[in-house]
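Peer 1: Contents are PDB, C-alpha atoms, pLDDT in the B column; file name work.pdb:
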```
ATOM      1  CA  MET A   1       0.000   0.000   0.000  1.00 78.00           C
ATOM      2  CA  GLU A   2       1.227   3.483  -0.758  1.00 81.00           C
ATOM      3  CA  PHE A   3      -0.308   6.812   0.129  1.00 82.00           C
ATOM      4  CA  THR A   4       0.478  10.504  -0.395  1.00 83.00           C
ATOM      5  CA  PHE A   5      -1.163  13.134   1.792  1.00 86.00           C
ATOM      6  CA  VAL A   6      -0.802  16.703   3.080  1.00 87.00           C
ATOM      7  CA  LEU A   7       0.055  17.062   6.773  1.00 88.00           C
ATOM      8  CA  PRO A   8      -1.196  20.501   7.924  1.00 88.00           C
ATOM      9  CA  ALA A   9       1.006  22.796  10.003  1.00 87.00           C
ATOM     10  CA  GLY A  10       0.810  22.212  13.750  1.00 88.00           C
ATOM     11  CA  SER A  11      -1.053  18.914  13.456  1.00 91.00           C
ATOM     12  CA  ARG A  12      -0.628  15.187  13.968  1.00 92.00           C
ATOM     13  CA  GLU A  13      -2.067  12.482  11.719  1.00 92.00           C
ATOM     14  CA  CYS A  14      -2.305   8.740  12.459  1.00 93.00           C
ATOM     15  CA  PHE A  15      -2.938   5.756  10.180  1.00 92.00           C
ATOM     16  CA  TYR A  16      -3.697   2.162  11.123  1.00 92.00           C
ATOM     17  CA  GLN A  17      -2.544  -0.984   9.325  1.00 90.00           C
ATOM     18  CA  SER A  18      -3.843  -4.451  10.171  1.00 90.00           C
ATOM     19  CA  THR A  19      -1.361  -7.318  10.241  1.00 90.00           C
ATOM     20  CA  GLU A  20      -1.358 -11.021  10.929  1.00 89.00           C
ATOM     21  CA  LYS A  21       0.831 -12.724  13.487  1.00 88.00           C
ATOM     22  CA  ASP A  22       4.449 -13.479  12.448  1.00 86.00           C
ATOM     23  CA  SER A  23       4.313 -11.469   9.211  1.00 87.00           C
ATOM     24  CA  SER A  24       7.021  -9.033   8.227  1.00 87.00           C
ATOM     25  CA  LEU A  25       6.273  -5.338   7.803  1.00 88.00           C
ATOM     26  CA  GLU A  26       8.422  -2.845   5.915  1.00 87.00           C
ATOM     27  CA  PHE A  27       7.453   0.816   6.193  1.00 88.00           C
ATOM     28  CA  GLU A  28       9.064   3.689   4.344  1.00 88.00           C
ATOM     29  CA  TYR A  29       8.154   7.366   4.360  1.00 88.00           C
ATOM     30  CA  GLN A  30       9.479  10.518   2.777  1.00 85.00           C
ATOM     31  CA  VAL A  31       8.607  14.204   2.987  1.00 86.00           C
ATOM     32  CA  VAL A  32       8.038  15.095  -0.647  1.00 81.00           C
ATOM     33  CA  GLY A  33       7.464  18.818  -0.399  1.00 71.00           C
ATOM     34  CA  PRO A  34       8.160  21.562   0.268  1.00 67.00           C
ATOM     35  CA  PRO A  35      11.876  20.765   0.111  1.00 58.00           C
ATOM     36  CA  ASN A  36      14.156  20.485   3.142  1.00 61.00           C
ATOM     37  CA  VAL A  37      11.444  19.853   5.718  1.00 78.00           C
ATOM     38  CA  ASP A  38      11.029  17.144   8.297  1.00 86.00           C
ATOM     39  CA  VAL A  39       8.393  15.458  10.458  1.00 90.00           C
ATOM     40  CA  GLY A  40       8.204  13.341  13.569  1.00 92.00           C
ATOM     41  CA  PHE A  41       7.132   9.719  13.282  1.00 93.00           C
ATOM     42  CA  VAL A  42       6.033   7.007  15.728  1.00 94.00           C
ATOM     43  CA  MET A  43       5.056   3.390  14.995  1.00 93.00           C
ATOM     44  CA  MET A  44       3.160   1.594  17.784  1.00 93.00           C
ATOM     45  CA  SER A  45       2.443  -2.130  17.871  1.00 92.00           C
ATOM     46  CA  PRO A  46      -1.054  -3.476  18.681  1.00 92.00           C
ATOM     47  CA  SER A  47       0.116  -4.192  22.239  1.00 91.00           C
ATOM     48  CA  GLY A  48       1.209  -0.541  22.681  1.00 90.00           C
ATOM     49  CA  ARG A  49       4.961  -1.073  22.338  1.00 91.00           C
ATOM     50  CA  ARG A  50       6.860   1.591  20.376  1.00 92.00           C
ATOM     51  CA  GLU A  51       8.426  -0.106  17.345  1.00 91.00           C
ATOM     52  CA  ALA A  52       9.971   2.954  15.684  1.00 91.00           C
ATOM     53  CA  TYR A  53      10.512   6.597  16.561  1.00 92.00           C
ATOM     54  CA  ASP A  54      11.952   9.436  14.463  1.00 91.00           C
ATOM     55  CA  TYR A  55      12.272  13.045  15.524  1.00 88.00           C
ATOM     56  CA  ARG A  56      12.339  15.607  12.689  1.00 87.00           C
ATOM     57  CA  ARG A  57      13.487  13.435   9.805  1.00 88.00           C
ATOM     58  CA  SER A  58      12.686  13.854   6.139  1.00 85.00           C
ATOM     59  CA  GLN A  59      12.789  10.151   5.256  1.00 85.00           C
ATOM     60  CA  ALA A  60      13.260   6.756   6.894  1.00 88.00           C
ATOM     61  CA  VAL A  61      12.750   3.021   6.456  1.00 88.00           C
ATOM     62  CA  HIS A  62      11.561   0.778   9.309  1.00 90.00           C
ATOM     63  CA  ASN A  63      11.246  -3.011   9.408  1.00 89.00           C
ATOM     64  CA  VAL A  64       9.383  -5.245  11.806  1.00 89.00           C
ATOM     65  CA  ALA A  65      10.520  -8.852  11.355  1.00 86.00           C
ATOM     66  CA  GLN A  66       7.714 -10.578  13.271  1.00 87.00           C
ATOM     67  CA  THR A  67       4.508  -8.635  13.624  1.00 89.00           C
ATOM     68  CA  GLU A  68       1.785  -9.032  16.202  1.00 89.00           C
ATOM     69  CA  GLU A  69      -1.789  -9.649  15.216  1.00 90.00           C
ATOM     70  CA  GLY A  70      -3.806  -6.444  15.195  1.00 91.00           C
ATOM     71  CA  ASP A  71      -3.557  -2.846  14.049  1.00 92.00           C
ATOM     72  CA  TYR A  72      -0.232  -1.030  13.937  1.00 92.00           C
ATOM     73  CA  LYS A  73      -0.521   2.706  14.595  1.00 93.00           C
ATOM     74  CA  LEU A  74       1.561   4.956  12.310  1.00 93.00           C
ATOM     75  CA  CYS A  75       1.598   8.616  13.410  1.00 94.00           C
ATOM     76  CA  PHE A  76       3.179  11.606  11.681  1.00 93.00           C
ATOM     77  CA  ASP A  77       3.780  14.722  13.774  1.00 92.00           C
ATOM     78  CA  ASN A  78       4.057  18.260  12.401  1.00 90.00           C
ATOM     79  CA  SER A  79       3.174  20.067  15.643  1.00 88.00           C
ATOM     80  CA  PHE A  80       6.581  21.783  15.847  1.00 86.00           C
ATOM     81  CA  SER A  81       5.955  23.601  12.549  1.00 83.00           C
ATOM     82  CA  ARG A  82       3.428  26.410  12.915  1.00 82.00           C
ATOM     83  CA  ARG A  83       3.538  27.707   9.323  1.00 82.00           C
ATOM     84  CA  LYS A  84       4.524  24.930   6.899  1.00 83.00           C
ATOM     85  CA  GLU A  85       2.303  22.113   5.791  1.00 85.00           C
ATOM     86  CA  LYS A  86       4.098  19.055   4.445  1.00 86.00           C
ATOM     87  CA  LEU A  87       3.402  16.688   1.586  1.00 83.00           C
ATOM     88  CA  LEU A  88       4.249  13.133   2.669  1.00 86.00           C
ATOM     89  CA  PHE A  89       4.515   9.827   0.867  1.00 84.00           C
ATOM     90  CA  PHE A  90       4.613   6.470   2.610  1.00 88.00           C
ATOM     91  CA  ALA A  91       4.576   2.858   1.511  1.00 85.00           C
ATOM     92  CA  ILE A  92       3.863  -0.304   3.483  1.00 88.00           C
ATOM     93  CA  VAL A  93       4.880  -3.780   2.331  1.00 85.00           C
ATOM     94  CA  ILE A  94       3.536  -6.679   4.398  1.00 85.00           C
ATOM     95  CA  THR A  95       4.800 -10.167   3.705  1.00 82.00           C
ATOM     96  CA  THR A  96       2.473 -12.667   5.295  1.00 77.00           C
ATOM     97  CA  SER A  97       3.617 -16.043   6.493  1.00 64.00           C
ATOM     98  CA  SER A  98       1.120 -18.067   4.540  1.00 57.00           C
ATOM     99  CA  ASN A  99      -0.142 -21.029   6.491  1.00 47.00           C
ATOM    100  CA  ASP A 100      -2.616 -21.940   3.771  1.00 46.00           C
ATOM    101  CA  THR A 101      -0.957 -25.262   3.041  1.00 46.00           C
ATOM    102  CA  ASP A 102      -4.274 -27.128   3.096  1.00 47.00           C
ATOM    103  CA  ASP A 103      -5.116 -25.904  -0.390  1.00 48.00           C
ATOM    104  CA  TYR A 104      -1.807 -27.164  -1.730  1.00 52.00           C
ATOM    105  CA  GLU A 105      -1.627 -30.538   0.046  1.00 55.00           C
ATOM    106  CA  ASP A 106      -3.950 -32.335  -2.371  1.00 54.00           C
ATOM    107  CA  LEU A 107      -2.187 -30.903  -5.388  1.00 53.00           C
ATOM    108  CA  ALA A 108       1.214 -31.613  -3.824  1.00 55.00           C
ATOM    109  CA  ALA A 109       0.222 -35.219  -3.230  1.00 56.00           C
ATOM    110  CA  ASP A 110      -0.742 -35.587  -6.889  1.00 55.00           C
ATOM    111  CA  ILE A 111       2.526 -34.076  -8.103  1.00 53.00           C
ATOM    112  CA  ILE A 112       4.711 -36.032  -5.697  1.00 54.00           C
ATOM    113  CA  THR A 113       3.262 -39.340  -6.909  1.00 52.00           C
ATOM    114  CA  LEU A 114       4.550 -38.682 -10.398  1.00 50.00           C
ATOM    115  CA  ASP A 115       8.000 -40.227 -10.769  1.00 48.00           C
ATOM    116  CA  ASP A 116       9.190 -38.019 -13.618  1.00 47.00           C
ATOM    117  CA  MET A 117       8.691 -34.742 -11.722  1.00 54.00           C
ATOM    118  CA  GLU A 118      11.847 -33.319 -10.173  1.00 61.00           C
ATOM    119  CA  LEU A 119      10.336 -30.214  -8.624  1.00 65.00           C
ATOM    120  CA  THR A 120       7.759 -30.418  -5.899  1.00 73.00           C
ATOM    121  CA  LEU A 121       4.988 -27.931  -5.341  1.00 77.00           C
ATOM    122  CA  ASP A 122       6.845 -26.466  -2.368  1.00 78.00           C
ATOM    123  CA  ASP A 123       9.847 -25.710  -4.589  1.00 81.00           C
ATOM    124  CA  ILE A 124       7.649 -23.997  -7.143  1.00 83.00           C
ATOM    125  CA  ARG A 125       5.808 -22.053  -4.464  1.00 83.00           C
ATOM    126  CA  THR A 126       9.111 -20.935  -2.898  1.00 85.00           C
ATOM    127  CA  LYS A 127      10.384 -19.715  -6.251  1.00 86.00           C
ATOM    128  CA  MET A 128       7.106 -17.960  -6.999  1.00 88.00           C
ATOM    129  CA  GLU A 129       7.210 -16.196  -3.617  1.00 86.00           C
ATOM    130  CA  LYS A 130      10.776 -15.027  -4.335  1.00 86.00           C
ATOM    131  CA  VAL A 131       9.672 -13.684  -7.707  1.00 90.00           C
ATOM    132  CA  TYR A 132       6.669 -11.988  -6.100  1.00 88.00           C
ATOM    133  CA  LEU A 133       8.846 -10.359  -3.418  1.00 84.00           C
ATOM    134  CA  SER A 134      11.305  -9.180  -6.066  1.00 85.00           C
ATOM    135  CA  ILE A 135       8.472  -7.650  -8.081  1.00 89.00           C
ATOM    136  CA  GLN A 136       7.109  -5.921  -4.972  1.00 83.00           C
ATOM    137  CA  ARG A 137      10.566  -4.598  -4.085  1.00 81.00           C
ATOM    138  CA  GLY A 138      10.997  -3.271  -7.649  1.00 85.00           C
ATOM    139  CA  ARG A 139       7.559  -1.661  -7.469  1.00 83.00           C
ATOM    140  CA  LEU A 140       8.498   0.033  -4.201  1.00 80.00           C
ATOM    141  CA  ILE A 141      11.731   1.335  -5.723  1.00 80.00           C
ATOM    142  CA  GLN A 142       9.758   2.751  -8.666  1.00 84.00           C
ATOM    143  CA  LEU A 143       7.360   4.442  -6.240  1.00 80.00           C
ATOM    144  CA  MET A 144      10.267   5.990  -4.366  1.00 78.00           C
ATOM    145  CA  LEU A 145      11.770   7.251  -7.625  1.00 80.00           C
ATOM    146  CA  ARG A 146       8.381   8.764  -8.447  1.00 81.00           C
ATOM    147  CA  THR A 147       8.370  10.551  -5.078  1.00 78.00           C
ATOM    148  CA  PHE A 148      11.868  11.893  -5.756  1.00 77.00           C
ATOM    149  CA  ASP A 149      10.519  13.228  -9.051  1.00 81.00           C
ATOM    150  CA  THR A 150       7.533  14.818  -7.268  1.00 79.00           C
ATOM    151  CA  ARG A 151       9.838  16.418  -4.700  1.00 77.00           C
ATOM    152  CA  ASP A 152      12.005  17.821  -7.500  1.00 80.00           C
ATOM    153  CA  VAL A 153       8.939  19.242  -9.265  1.00 82.00           C
ATOM    154  CA  HIS A 154       7.905  21.005  -6.028  1.00 78.00           C
ATOM    155  CA  LEU A 155      11.442  22.346  -5.648  1.00 79.00           C
ATOM    156  CA  GLN A 156      11.407  23.657  -9.234  1.00 85.00           C
ATOM    157  CA  GLU A 157       8.022  25.311  -8.742  1.00 83.00           C
ATOM    158  CA  ASP A 158       9.220  26.940  -5.526  1.00 81.00           C
ATOM    159  CA  ASN A 159      12.406  28.157  -7.206  1.00 86.00           C
ATOM    160  CA  LEU A 160      10.457  29.394 -10.241  1.00 90.00           C
ATOM    161  CA  TRP A 161       8.326  31.586  -7.974  1.00 87.00           C
ATOM    162  CA  LYS A 162      11.431  32.995  -6.264  1.00 89.00           C
ATOM    163  CA  VAL A 163      13.204  33.677  -9.572  1.00 92.00           C
ATOM    164  CA  THR A 164      10.094  35.358 -10.992  1.00 93.00           C
ATOM    165  CA  PHE A 165       9.644  37.503  -7.887  1.00 93.00           C
ATOM    166  CA  TRP A 166      13.270  38.693  -7.769  1.00 93.00           C
ATOM    167  CA  SER A 167      13.328  39.252 -11.546  1.00 95.00           C
ATOM    168  CA  PHE A 168      10.291  41.507 -11.169  1.00 95.00           C
ATOM    169  CA  ILE A 169      12.000  43.417  -8.327  1.00 95.00           C
ATOM    170  CA  SER A 170      15.151  43.800 -10.464  1.00 96.00           C
ATOM    171  CA  ILE A 171      13.162  45.114 -13.453  1.00 96.00           C
ATOM    172  CA  VAL A 172      11.359  47.632 -11.222  1.00 96.00           C
ATOM    173  CA  CYS A 173      14.718  48.800  -9.807  1.00 96.00           C
ATOM    174  CA  VAL A 174      16.276  49.131 -13.282  1.00 96.00           C
ATOM    175  CA  LEU A 175      13.286  51.095 -14.603  1.00 96.00           C
ATOM    176  CA  THR A 176      13.273  53.321 -11.498  1.00 96.00           C
ATOM    177  CA  VAL A 177      16.996  54.100 -11.853  1.00 95.00           C
ATOM    178  CA  ALA A 178      16.566  54.761 -15.587  1.00 95.00           C
ATOM    179  CA  GLY A 179      13.665  57.134 -14.888  1.00 95.00           C
ATOM    180  CA  VAL A 180      15.670  59.005 -12.206  1.00 95.00           C
ATOM    181  CA  GLN A 181      18.653  59.347 -14.574  1.00 94.00           C
ATOM    182  CA  VAL A 182      16.496  60.687 -17.419  1.00 92.00           C
ATOM    183  CA  TYR A 183      14.804  63.142 -15.073  1.00 91.00           C
ATOM    184  CA  THR A 184      18.170  64.287 -13.652  1.00 90.00           C
ATOM    185  CA  LEU A 185      19.634  64.842 -17.132  1.00 88.00           C
ATOM    186  CA  GLN A 186      16.555  66.791 -18.228  1.00 87.00           C
ATOM    187  CA  SER A 187      16.759  68.964 -15.137  1.00 85.00           C
ATOM    188  CA  PHE A 188      20.376  69.919 -16.006  1.00 82.00           C
ATOM    189  CA  PHE A 189      19.364  71.174 -19.453  1.00 81.00           C
ATOM    190  CA  SER A 190      16.043  72.745 -18.565  1.00 77.00           C
ATOM    191  CA  ASN A 191      17.623  75.107 -15.994  1.00 62.00           C
ATOM    192  CA  THR A 192      19.854  76.853 -18.502  1.00 58.00           C
ATOM    193  CA  ARG A 193      18.627  80.339 -19.358  1.00 60.00           C
ATOM    194  CA  PRO A 194      19.166  81.955 -22.736  1.00 58.00           C
ATOM    195  CA  ARG A 195      21.541  84.974 -22.679  1.00 56.00           C
TER     196      ARG A 195
END
```
If you took the structure in this file and wrote it as C-alpha cells, what would it be?

Peer 2:
Amino acid sequence: MEFTFVLPAGSRECFYQSTEKDSSLEFEYQVVGPPNVDVGFVMMSPSGRREAYDYRRSQAVHNVAQTEEGDYKLCFDNSFSRRKEKLLFFAIVITTSSNDTDDYEDLAADIITLDDMELTLDDIRTKMEKVYLSIQRGRLIQLMLRTFDTRDVHLQEDNLWKVTFWSFISIVCVLTVAGVQVYTLQSFFSNTRPR
C-alpha cells in the first residue's frame, strides 16, 4: 500500500494498518514537499509497544521482522511547525507467512506421486514467492523514484516563484533608476537660461 497526503502545520495524523501474526512489515516514508522539511514519526504495535521513533526526519525506512496480530498505529507529527504544511509519501509492504498449506496438500500429493517430476509444489511455491517479493521490491523502488521526481517538481516550482519575484524586483529597480537618470539629465538642461 502506498499513500500521499498533506500534513497541515501544527497537526498530527495517524494511520492504522492491520497485520497477521508473524508477518514481516516494511514501512518507508518521505517528505516530498516543500523541500528540506522534516516530520516526527512514531510506529506503535497493537500491544502498545513503540516499534519505531523518528524526531524531525525527512525520510526513513523501518522493518518489523515478526509482527503481532492487530492494528499497527503509524503517526506523523508536524506540531513543531506552525507555518509549513508538508506533503508526505509512505509505503507499506507486508509479507504474510502463509499457512494456507491445506489448499496445496492435495495438489502436492498428486505431483509427488509422479515419478518423472523433479520439482515439488513447495519448490515452485518458494520460487514464486521469491519472484513476487522481487516484483514488490521493484515496485516500491519505482514508487520511491516517483516521489523523488515529485519532490524535485515542487522544488522547481518553488524556485520558479522565487526567480520570478526577484526578476520583477530587479526590473522595477532598473526602470526606477533609468527614470531618475532621465529626469536628472533633463533637469540639467532645462535650468539653462538663454543669454

Peer 1: Can you list what the PyMOL selection byres ((chain A and resi 93) around 6) grabs from this structure, as number ranges by chain?

Peer 2: A: 25-26, 92, 94

Peer 1: Selected residues, C-alpha atoms, written as a short mmCIF file (atom, residue, chain, number, x, y, z; two decimals), in the frame of the given file, please.

Peer 2:
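Saved the output as result_10.cif:
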```cif
data_model
loop_
_atom_site.label_atom_id
_atom_site.label_comp_id
_atom_site.auth_asym_id
_atom_site.auth_seq_id
_atom_site.Cartn_x
_atom_site.Cartn_y
_atom_site.Cartn_z
CA LEU A 25 6.27 -5.34 7.80
CA GLU A 26 8.42 -2.84 5.92
CA ILE A 92 3.86 -0.30 3.48
CA ILE A 94 3.54 -6.68 4.40
#
```

Peer 1: Identify, on the basis of only C-alpha atoms, every residue whose closest approach to Phe27 of chain A does not exceed 10 Å; exclude the query and any residue fewer than 5 positions from it along the same chain; express the result as a ChimeraX atom specification.

Peer 2: /A:1-2,43,60-64,74,90-94

Peer 1: Suppose we keep C-alpha atoms; can you now write the selection as an mmCIF file, in the coordinates of the input?

Peer 2:
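Resulting contents of selection_13.cif:
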```cif
data_model
loop_
_atom_site.group_PDB
_atom_site.id
_atom_site.type_symbol
_atom_site.label_atom_id
_atom_site.label_comp_id
_atom_site.auth_asym_id
_atom_site.auth_seq_id
_atom_site.Cartn_x
_atom_site.Cartn_y
_atom_site.Cartn_z
ATOM 1 C CA MET A 1 0.000 0.000 0.000
ATOM 2 C CA GLU A 2 1.227 3.483 -0.758
ATOM 3 C CA MET A 43 5.056 3.390 14.995
ATOM 4 C CA ALA A 60 13.260 6.756 6.894
ATOM 5 C CA VAL A 61 12.750 3.021 6.456
ATOM 6 C CA HIS A 62 11.561 0.778 9.309
ATOM 7 C CA ASN A 63 11.246 -3.011 9.408
ATOM 8 C CA VAL A 64 9.383 -5.245 11.806
ATOM 9 C CA LEU A 74 1.561 4.956 12.310
ATOM 10 C CA PHE A 90 4.613 6.470 2.610
ATOM 11 C CA ALA A 91 4.576 2.858 1.511
ATOM 12 C CA ILE A 92 3.863 -0.304 3.483
ATOM 13 C CA VAL A 93 4.880 -3.780 2.331
ATOM 14 C CA ILE A 94 3.536 -6.679 4.398
#
```

Peer 1: Using only C-alpha atoms, which residues sit within 12 Å of Thr150 of chain A once same-chain residues fewer than 5 positions away are excluded, as number ranges by chain?

Peer 2: A: 4, 30-35, 87-89, 143-145, 155-157

Peer 1: Could you write out as an mmCIF file with C-alpha atoms, keeping the file's coordinate frame the residues that the PyMOL selection byres ((chain A and resi 65-67) around 10) matches in the shown file?

Peer 2:
```cif
data_model
loop_
_atom_site.group_PDB
_atom_site.id
_atom_site.type_symbol
_atom_site.label_atom_id
_atom_site.label_comp_id
_atom_site.auth_asym_id
_atom_site.auth_seq_id
_atom_site.Cartn_x
_atom_site.Cartn_y
_atom_site.Cartn_z
ATOM 1 C CA SER A 18 -3.843 -4.451 10.171
ATOM 2 C CA THR A 19 -1.361 -7.318 10.241
ATOM 3 C CA GLU A 20 -1.358 -11.021 10.929
ATOM 4 C CA LYS A 21 0.831 -12.724 13.487
ATOM 5 C CA ASP A 22 4.449 -13.479 12.448
ATOM 6 C CA SER A 23 4.313 -11.469 9.211
ATOM 7 C CA SER A 24 7.021 -9.033 8.227
ATOM 8 C CA LEU A 25 6.273 -5.338 7.803
ATOM 9 C CA GLU A 26 8.422 -2.845 5.915
ATOM 10 C CA SER A 45 2.443 -2.130 17.871
ATOM 11 C CA PRO A 46 -1.054 -3.476 18.681
ATOM 12 C CA HIS A 62 11.561 0.778 9.309
ATOM 13 C CA ASN A 63 11.246 -3.011 9.408
ATOM 14 C CA VAL A 64 9.383 -5.245 11.806
ATOM 15 C CA GLU A 68 1.785 -9.032 16.202
ATOM 16 C CA GLU A 69 -1.789 -9.649 15.216
ATOM 17 C CA GLY A 70 -3.806 -6.444 15.195
ATOM 18 C CA ASP A 71 -3.557 -2.846 14.049
ATOM 19 C CA TYR A 72 -0.232 -1.030 13.937
ATOM 20 C CA ILE A 94 3.536 -6.679 4.398
ATOM 21 C CA THR A 95 4.800 -10.167 3.705
ATOM 22 C CA THR A 96 2.473 -12.667 5.295
ATOM 23 C CA SER A 97 3.617 -16.043 6.493
#
```

Peer 1: Would you compute the distance between atom CA of Ile135 of chain A and atom CA of Met44 of chain A? Give it in Å to one decimal.

Peer 2: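 Spanning atom CA of Ile135 of chain A to atom CA of Met44 of chain A is a straight-line distance of 28.0 Å.
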
Peer 1: To one decimal place in Å, what is the distance between atom CA of Val39 of chain A and atom CA of Lys86 of chain A?

Peer 2: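 Pair atom CA of Val39 of chain A / atom CA of Lys86 of chain A returns 8.2 Å.
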